[in-house]
Amino acid sequence: MKTTTIFIGLMLTGLMSSAQNSTSPGSEVVTYAGQPVSMCENTVRVQLVSALQGAMQGNRQESFQGMEVYGDLVLSAQNRGWMTIYNYDGKQLKRIVEPFKMDCFDENNHSNVVTLSSYRYDASDPLPLLYVSQCARQPWQGMKDVIFVERIARDMKSTQTVQVIHFQDQNHLFGYALQWVIDRENNMLYGYGNTVNNEDAANKHRIVKFRLPKIDEGENGRVTLTEKDILENYLVEDTYHHPFMPIGQGLFIRNGQLFMPTGFGSDKHPSILYVWNLNTRTMQNVIDLSKATFGELEDCAAWGNSLLLQTQGNLFRLDF
């Protein structure tokens, strides 16, 4: 198992909202307000968990994209809408179901980000509803900036699309693809994406915020969002004035922090985990993972107090 410790020049705060229970008699974990007190350098321990075992496209694996975690379950999505579910116990990553096509499987579904809500379609469902960002260059059924809402079957071997959410971008706030992520703690839906494209010097990066539509909203399972529904709308570059031209990959929100993994580990596209503070609208952390990981960074999610990071073909664990 590959393990790397890297030093961080900025402080990463509050990955989890509560501390783990102590197992030592006579000891107690105390949570306090304000900035963390640290007696050492800020570090993150990065270790390779395992190679991923996803769906194959011919004699090679379909590209890995969005990833989400629920308890010890790791939900790994691939291009077009493939899904593989694993169990991770902190030591081994074990595939518990064969790769399957989600109901939203389509040639124009890149599945770039997958994110769980806090709602179940039915109380007997094993997992909450899963939101899948279409995020492809080509539109889906004439629409771009689409989210598929998937109900995961009890045997976790299939899904059912129970809602489709579409942002009607009439004033071209975004470029070719908008990524979506849910703030489960506040039941909010965030969108993030380029205003033009990565090759254009005028390109910026926009964040928008919506109320998360209820599952019974819309007509015939379709919900259309417009600019009138936007609660917040701003550019990262409004407050962050350093060079910033990443290729959009995954998104994850915890405690008001938006985690954005990006990059290929190259000089031109270094592998960086950006942490954006949604409350202050400022860049909280810029963590270079180029030497600690390999492969294109794709998506991330919390596992306990750690962060799991899916790259192109592998899963890493980050302990802060």
# chains A, B, ... in the order shown; residues from 1 in each chain; ligands from 1
call {"tool": "closest_atom_pairs", "arguments": {"of": "segment 91-188 of chain A", "to": "segment 246-249 of chain A", "cutoff": "10 Å", "atoms": "only C-alpha atoms", "output": "tab-separated table"}}
result
residue	atom	partner	partner_atom	distance
A:Asn112	CA	A:Gln249	CA	6.7
A:Val113	CA	A:Gln249	CA	7.5
A:Cys135	CA	A:Gln249	CA	9.9
A:Ala177	CA	A:Gly248	CA	9.2
A:Leu178	CA	A:Gly248	CA	9.1
A:Gln179	CA	A:Gly248	CA	8.0
call {"tool": "write_last_selection", "arguments": {"atoms": "N, CA and C atoms", "output": "compact mmCIF listing (two decimals), in the first residue's frame"}}
result
# COMPACT_ATOMS: atom_id res chain seq x y z
N ASN A 112 -20.45 12.90 -14.47
CA ASN A 112 -19.24 13.54 -13.97
C ASN A 112 -19.21 13.69 -12.45
N VAL A 113 -20.37 13.89 -11.84
CA VAL A 113 -20.48 14.00 -10.39
C VAL A 113 -21.69 13.18 -9.96
N CYS A 135 -23.56 16.43 -17.49
CA CYS A 135 -22.26 17.08 -17.71
C CYS A 135 -21.53 16.60 -18.96
N ALA A 177 -20.81 22.64 -20.01
CA ALA A 177 -21.24 21.65 -19.04
C ALA A 177 -21.28 22.24 -17.64
N LEU A 178 -22.38 21.98 -16.95
CA LEU A 178 -22.58 22.43 -15.58
C LEU A 178 -22.57 21.22 -14.66
N GLN A 179 -21.79 21.29 -13.59
CA GLN A 179 -21.72 20.20 -12.61
C GLN A 179 -22.62 20.53 -11.42
call {"tool": "residues_around", "arguments": {"residues": "Val286 of chain A", "least_positions_apart": "2", "cutoff": "7 Å", "atoms": "only C-alpha atoms", "output": "short mmCIF file (atom, residue, chain, number, x, y, z; two decimals) with N, CA and C atoms, in the first residue's frame"}}
result
data_model
loop_
_atom_site.label_atom_id
_atom_site.label_comp_id
_atom_site.auth_asym_id
_atom_site.auth_seq_id
_atom_site.Cartn_x
_atom_site.Cartn_y
_atom_site.Cartn_z
N ILE A 272 -4.66 19.08 -8.07
CA ILE A 272 -4.90 19.97 -6.94
C ILE A 272 -6.30 19.75 -6.38
N LEU A 273 -6.37 19.70 -5.05
CA LEU A 273 -7.65 19.68 -4.36
C LEU A 273 -7.92 21.10 -3.86
N TYR A 274 -8.87 21.76 -4.49
CA TYR A 274 -9.28 23.09 -4.05
C TYR A 274 -10.41 22.92 -3.02
N VAL A 275 -10.37 23.74 -1.98
CA VAL A 275 -11.44 23.75 -0.98
C VAL A 275 -11.99 25.18 -0.90
N ASP A 288 -1.78 20.66 -3.26
CA ASP A 288 -1.18 20.01 -4.42
C ASP A 288 -0.95 18.53 -4.12
#
call {"tool": "closest_residue", "arguments": {"among": "A:Phe259, A:Glu219, A:Asn279, A:Leu308", "to": "Glu232 of chain A", "atoms": "only C-alpha atoms"}}
result
A:Asn279
call {"tool": "residues_around", "arguments": {"residues": "Leu258 of chain A", "least_positions_apart": "2", "cutoff": "8 Å", "atoms": "only C-alpha atoms", "output": "PyMOL selection string"}}
result
chain A and resi 251-254+256+260+275-278
call {"tool": "write_last_selection", "arguments": {"atoms": "N, CA, C and O atoms", "output": "tab-separated table (two decimals), in the first residue's frame"}}
result
chain	number	residue	atom	x	y	z
A	251	LEU	N	-17.15	17.17	-7.24
A	251	LEU	CA	-17.57	18.15	-6.25
A	251	LEU	C	-18.10	17.41	-5.03
A	251	LEU	O	-18.74	16.36	-5.15
A	252	PHE	N	-17.86	17.98	-3.86
A	252	PHE	CA	-18.40	17.42	-2.63
A	252	PHE	C	-18.52	18.53	-1.60
A	252	PHE	O	-17.63	19.39	-1.50
A	253	ILE	N	-19.63	18.54	-0.83
A	253	ILE	CA	-19.85	19.58	0.17
A	253	ILE	C	-19.97	18.96	1.55
A	253	ILE	O	-20.71	18.00	1.76
A	254	ARG	N	-19.26	19.54	2.50
A	254	ARG	CA	-19.37	19.18	3.91
A	254	ARG	C	-19.03	20.40	4.76
A	254	ARG	O	-18.02	21.05	4.52
A	256	GLY	N	-20.10	23.45	4.88
A	256	GLY	CA	-19.91	24.70	4.17
A	256	GLY	C	-18.67	24.77	3.32
A	256	GLY	O	-18.28	25.84	2.86
A	260	MET	N	-13.10	20.43	-4.48
A	260	MET	CA	-13.03	20.37	-5.94
A	260	MET	C	-11.71	19.73	-6.37
A	260	MET	O	-10.70	20.42	-6.53
A	275	VAL	N	-10.37	23.74	-1.98
A	275	VAL	CA	-11.44	23.75	-0.98
A	275	VAL	C	-11.99	25.18	-0.90
A	275	VAL	O	-11.30	26.09	-0.45
A	276	TRP	N	-13.22	25.32	-1.36
A	276	TRP	CA	-13.86	26.63	-1.42
A	276	TRP	C	-14.83	26.78	-0.25
A	276	TRP	O	-15.64	25.89	0.01
A	277	ASN	N	-14.74	27.90	0.47
A	277	ASN	CA	-15.64	28.16	1.58
A	277	ASN	C	-16.91	28.83	1.06
A	277	ASN	O	-16.87	29.97	0.59
A	278	LEU	N	-18.02	28.10	1.12
A	278	LEU	CA	-19.27	28.61	0.58
A	278	LEU	C	-19.86	29.73	1.42
A	278	LEU	O	-20.65	30.53	0.91
call {"tool": "residues_around", "arguments": {"residues": "Ala301 of chain A", "least_positions_apart": "4", "cutoff": "8 Å", "atoms": "only C-alpha atoms", "output": "ChimeraX atom specification"}}
result
/A:67-69,252,307-309
call {"tool": "write_last_selection", "arguments": {"atoms": "N, CA and C atoms", "output": "compact mmCIF listing (two decimals), in the first residue's frame"}}
result
# COMPACT_ATOMS: atom_id res chain seq x y z
N MET A 67 -18.17 9.90 -7.85
CA MET A 67 -18.05 8.94 -6.75
C MET A 67 -18.73 9.51 -5.51
N GLU A 68 -19.40 8.64 -4.77
CA GLU A 68 -20.07 9.06 -3.53
C GLU A 68 -19.89 7.97 -2.48
N VAL A 69 -20.04 8.34 -1.21
CA VAL A 69 -19.87 7.41 -0.10
C VAL A 69 -21.09 7.48 0.81
N PHE A 252 -17.86 17.98 -3.86
CA PHE A 252 -18.40 17.42 -2.63
C PHE A 252 -18.52 18.53 -1.60
N LEU A 307 -11.21 11.53 3.73
CA LEU A 307 -11.76 11.87 2.42
C LEU A 307 -11.30 10.81 1.43
N LEU A 308 -12.24 10.17 0.75
CA LEU A 308 -11.89 9.24 -0.31
C LEU A 308 -11.86 10.00 -1.63
N LEU A 309 -10.85 9.72 -2.43
CA LEU A 309 -10.64 10.43 -3.70
C LEU A 309 -10.55 9.42 -4.83
call {"tool": "atom_distance", "arguments": {"atom1": "atom CA of Gly71 of chain A", "atom2": "atom CA of Asn87 of chain A"}}
result
9.0 Å
call {"tool": "residues_around", "arguments": {"residues": "Ser158 of chain A", "least_positions_apart": "5", "cutoff": "8 Å", "atoms": "only C-alpha atoms", "output": "list in words"}}
result
Phe100, Lys101, Met102, Asp103, Ile152 and Ala153 of chain A
